[in-house]
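*Asks:* What follows is a single structure, and I will ask about it in a moment.
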Amino acid sequence: MRRTRAFLIRLAGLFRHRQQDLEIAEELEFHLAMQTEENLRRGMAPEEARRRALIQAGGLELAREACRERLGLPWLEVLVQDLRYAARVLRGNPGVTAVVVITLALGIGANTALFSLVDAVLIRSLPYTDTERLVVLSDNNPGRPGRQSLVSYPNYRDWQRQTRAFTEMALCVRNMPVTLAGADGPERVDAGRTSANLFSVLGVRPLLGRAFTAEEEEKEQPVAVISYSLWQRRFAGVPDVVGRTLSADGQIATVVGVMPPEFQFPFSTTQLWMPIPAGIRMARSYAFGMVVGRMRPGATLEQAQAELEWIGRPEGKLIPLQQQITAKPLRIALWLLLGAVTFVLLIGCTNVAHLLLARGPVRQGELAVRIALGAGRGRIVGQLMAENLLLSALASLLGIPLAFGAVRALVALAPVEVPRLETVAIDGRVLFFTLTLSLLCPLVFGLAPAWRTSKCDPHCVLKTGSRGALKPPGWRLRGLLVIGECALAVVLLCGAGLMVRSLMRLNQASLGYEPRNALAFRVVMPANRSLAEEAAFYRASLDRLKTIPGVQRAGAVSFFLLNLSSTEAAIRTGATDKAGRCDSAVEDSVSPDLLVTLGVPLRLGRSFSAEDNEASPPVALASESLARRCWPGEAAVGKQFRFADGRLNGRPVRVVGIVGDMRRTGMEHQAAPRVYLPLAQWPTRGADFILRTQGDPLRLASTVRHEMASLDPAAPVYRLSTLKQRLAGELALQRFETLLLTLFAAVALFLAGIGIYGVMHYSVAQRSHEIGLRVALGASARAAVAPVMRQGLLLASAGLLLGAAGALLLTRLFAALLFDVTATDPVTFALAAVLIGATAGMACLIPAWRAISSDPMRGLRNG
Amino acid sequence: MADKTDVWQGTLALMVLKTLETMGPQHGYGIARRIEQISGDQLSVNYGTLYPALIKLQQEGYISAQPGLSDNNRKAKFYSITRAGRKHLAAEARQWEQTTAIIARFFSPAAGV
């Protein structure tokens, strides 16, 4: 307490120097006068009295100094003094200052921008209360990482009753899209079906109104909680929206609450939350819902994990909600990018260190005088570090506006599935990060050069005519810097190269179908149609679509491309639906022409035809991989299987044909085994329509909409795009990462090249005397320059090897992002080595060439 | 072990406070003379150490300063002890007594047997 008081008073005292000096002088003078009088009283002569008094009192100057120090904060004053001097020094060298500030500003700005992205998406916790206690049940299946394990309603209720590890659990069907009808026309939106306590489990209160109650959930009353954007869009943001109704899939539901805008659960596109429909609540075997639980304080994840036995899911895994929302590939990718941009900053710092080292000799004169006057080494280093601190501060100030621009670019380029993208902003946390960077940077780039420069023997400097030594001072440090730069650049190049190859492989990988000139859209019918009506709808719409000029073929399939609602069927190849191998296959209901439309080859047997309908025996098509799995070594055509979930009451389904494999989700390394059922026998409420067109598919978009609308106005067309666009959307994240990483690698290569060039140029200049001497003595220009070149290339090679070793270690960290490329792909590494070698070679050759072609006499004179 | 100067400064501060408590308001010269007197001329107070110590005590709030006139009508700064200073002095005095008592026990003939 007392110390704080003293500190604050001393702080204030910084501004009252003149006043303080006067007071001190007065008081000391008074003391002297009193002492002198005392001496006079004792009988000394006046001058003797004064002299004695001075001796008795002690050193006057020292006393004044001591008082001054006590009155202010000496270290602060020294710092300020250093900074002011530093500002003068920097102003006196605008060129060097500008280069350093710009290099650092780019690095700091880029780092800030990327950190704000990483912070918003990964670090900042979700906007729920106590997010660390929220967990979800996830599938531990390594084949499908990130896929959630779903639970049925009765199992969920049992678990909820018995649980000891959770205070509350909610069940949520992640997406059951509904069609909203209304004055604005039909619109299909994503909707979640949840238990009533979802919002309280998450700890979020509605903005308006309330969540629905458990009673409403039990009684299955038609209530809904809507999202903020839905409220604004379809209700024009009216304040009395609670109590109004909306039509979802033909059913009238009452709006009971509105959620705040930042609430996006489980997806950013979810607009509506309604109770879980009774129909799917009954079946214990029908696992459809995601479980979100709030753990009891003090309960551990292991205890909760043990409870999974009760729902027969011991292999499942409970993971924190935070982890579930951001999938692993995205997390790896973002950290990778942040690491890469840090490398770029490090290379920038290395270049700055070069520059500072090169300036060293210029400063020797002034520093020698300081040392001669008594400055300790620490003081000199302090002065130099103050300059570095100022440079860093300036760079940060310049870097922050750059970061703002970079953030805008990042957000624009980033794929939509990056969660919480709209919260990416440069806020206090990010600025604190920038501050830390700007304080760390001077240490990184400045400490070694400052230490080196302050090591200055005044004699050797004040002497003139020192011939450039064979190894100019600081060569060791410079060498290390070059090696470091090269190594960092190599690592970045390898990383970028791997990503580029991976992307190329992805683009080339055979999909199993033809994505060009194909239009795709989805249609979902209202809920009140019978199966027969649905089958009829598909027949009619396909017939109608085929009549559109420009459409060569048309087909429909229950789900296409990446989605989270694809159905899986467990099939058994034995005599009953409980016997024989059990395999799970992705199940698709397809129209007869779909596979032909997509260009999927028929390998054996026949495809579906119009004769395969509700009346005829159940048939199916199997993909090649399914046939290999379930009937290895035999011809699968004619074989039978049964559904393990009891469909058809255990009656067998006959395989009538084998078709080629399709890879339908972007990063699938192997095609998933698929079973195709006729749409006529298994109609679904909604389907993706695929049209093979002549020429640009989008030209037909409006015609298609018009035709489908006239056929059935209650079933709107949505998600219309070309297949190529859909594919591109899937690869968007890959492309984003690859683009950024390549950009960073290019910048790194450029900076490293400049750095090496700078060092070589400097080396050659330092040794120009020696070179001139050699030439004068008869050596060819090339031979004279050779030792310098050799040194440069040697350093670059050392850097290359170090970088390659580092890359070998580091690239396996993001092996998960690579497709069909190993993390230690030799081609990529070789290419990176060649690039660095070429850059280093050029950076060494240019100064050498200039040295050779310059006048050797100049070199001799220079020494 | 604290630096010698610090220890000296610490004890000097106590001496100043005790002096001011006993003598009442006094100027710097008077404090210096008094301390020298009490110590039996074993200590000589250098004004390079005294005045910084006075400043520190002021900053910590244990003494306060007012302008005044000395005996021989010179302008001077008079220091007086504050309430906080008195409390601090009392606490420190207790501490000293305890320390010296413990050390004395080590050096007394009865110890170490």
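Every chain in the structure tokens has a letter given in the order shown (A, B, ...), and although residue numbers restart at 1 in each chain, ligands are simply numbered from 1 in the order shown.
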So which residues touch Ile63 (chain B) within 8 Å, counting only C-alpha atoms, skipping near sequence neighbours fewer than 5 positions away, as a ChimeraX atom specification?

*Replies:* /B:17,57-58,79-82,85

*Asks:* Generate the output file for the selected residues, C-alpha atoms, as a compact mmCIF listing (two decimals), in the first residue's frame.

*Replies:*
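And here is the file that came out, out04.txt:
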# COMPACT_ATOMS: atom_id res chain seq x y z
CA LEU B 17 10.89 8.89 12.84
CA LEU B 57 9.40 8.82 4.18
CA GLN B 58 7.36 11.67 2.79
CA TYR B 79 9.18 17.78 8.99
CA SER B 80 6.72 16.25 11.42
CA ILE B 81 5.63 12.70 12.01
CA THR B 82 2.14 11.65 10.94
CA GLY B 85 4.29 7.27 10.90

*Asks:* Which polymer residues have any atom within 6 Å of an atom of Ala570 (chain A), counting only C-alpha atoms, with same-chain residues fewer than 4 positions away left out, as JSON, numbers by chain?

*Replies:* {"A": [583, 584, 644]}

*Asks:* Kindly assemble as a tab-separated table a list of the chain A residues that lie within 10 Å of chain B, each paired with its nearest atom pair and their distance in Å to one decimal, using only C-alpha atoms, sorted first by chain and then by ascending residue number.

*Replies:*
residue	atom	partner	partner_atom	distance
A:Met1	CA	B:Glu60	CA	8.8
A:Arg2	CA	B:Glu60	CA	5.2
A:Arg3	CA	B:Glu60	CA	6.7
A:Thr4	CA	B:Glu60	CA	8.5
A:Arg5	CA	B:Glu60	CA	6.2
A:Ala6	CA	B:Gln59	CA	4.6
A:Phe7	CA	B:Gln59	CA	8.1
A:Leu8	CA	B:Gln59	CA	8.8
A:Ile9	CA	B:Gln59	CA	6.4
A:Arg10	CA	B:Gln59	CA	7.7
A:Glu23	CA	B:Lys77	CA	9.4
A:Ile24	CA	B:Tyr51	CA	8.8
A:Glu26	CA	B:Ala76	CA	8.3
A:Glu27	CA	B:Ala76	CA	6.9
A:Leu28	CA	B:Tyr47	CA	8.0
A:Glu29	CA	B:Ala76	CA	9.9
A:Phe30	CA	B:Ala76	CA	6.9
A:His31	CA	B:Tyr29	CA	5.4
A:Leu32	CA	B:Tyr29	CA	8.6
A:Ala33	CA	B:Arg74	CA	9.4
A:Met34	CA	B:Tyr29	CA	7.1
A:Gln35	CA	B:Tyr29	CA	7.9
A:Glu37	CA	B:Asn72	CA	9.9
A:Ile55	CA	B:Asn46	CA	9.7
A:Gln56	CA	B:Asn46	CA	7.5
A:Ala57	CA	B:Asn46	CA	5.5
A:Gly58	CA	B:Asn46	CA	5.6
A:Gly59	CA	B:Gly48	CA	7.0
A:Leu60	CA	B:Gly48	CA	7.5
A:Glu61	CA	B:Gly48	CA	8.8
A:Leu62	CA	B:Gly48	CA	6.4
A:Ala63	CA	B:Gly48	CA	3.9
A:Arg64	CA	B:Gly48	CA	7.4
A:Glu65	CA	B:Gly48	CA	8.5
A:Ala66	CA	B:Pro52	CA	6.2
A:Cys67	CA	B:Pro52	CA	4.9
A:Arg68	CA	B:Pro52	CA	8.3
A:Glu69	CA	B:Pro52	CA	8.4
A:Arg70	CA	B:Pro52	CA	6.0
A:Leu71	CA	B:Ile55	CA	7.1

*Asks:* Please determine, counting only C-alpha atoms, which residue among B:Glu97, B:Ala104, B:Glu92, B:Ala65 has the shortest atom-to-atom distance to Met15 (chain B).

*Replies:*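 Closest candidate: B:Glu92.
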
*Asks:* Name the closest residue to Glu21 (chain B) among the candidates B:Ile38, B:Leu43, B:Ile102, B:Leu89; distances are taken between atoms, counting only C-alpha atoms.

*Replies:*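 Smallest distance to Glu21 (chain B) is found for B:Leu89.
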
*Asks:* For the helix (DSSP H, G or I) assignment from backbone DSSP, which residues of region 399-437 of chain A qualify? Please present them as a list in words.

*Replies:* Gly399, Ile400, Pro401, Leu402, Ala403, Phe404, Gly405, Ala406, Val407, Arg408, Ala409, Leu410, Val411, Ala412, Leu413, Leu421, Glu422, Thr423, Gly428, Arg429, Val430, Leu431, Phe432, Phe433, Thr434, Leu435, Thr436 and Leu437 of chain A
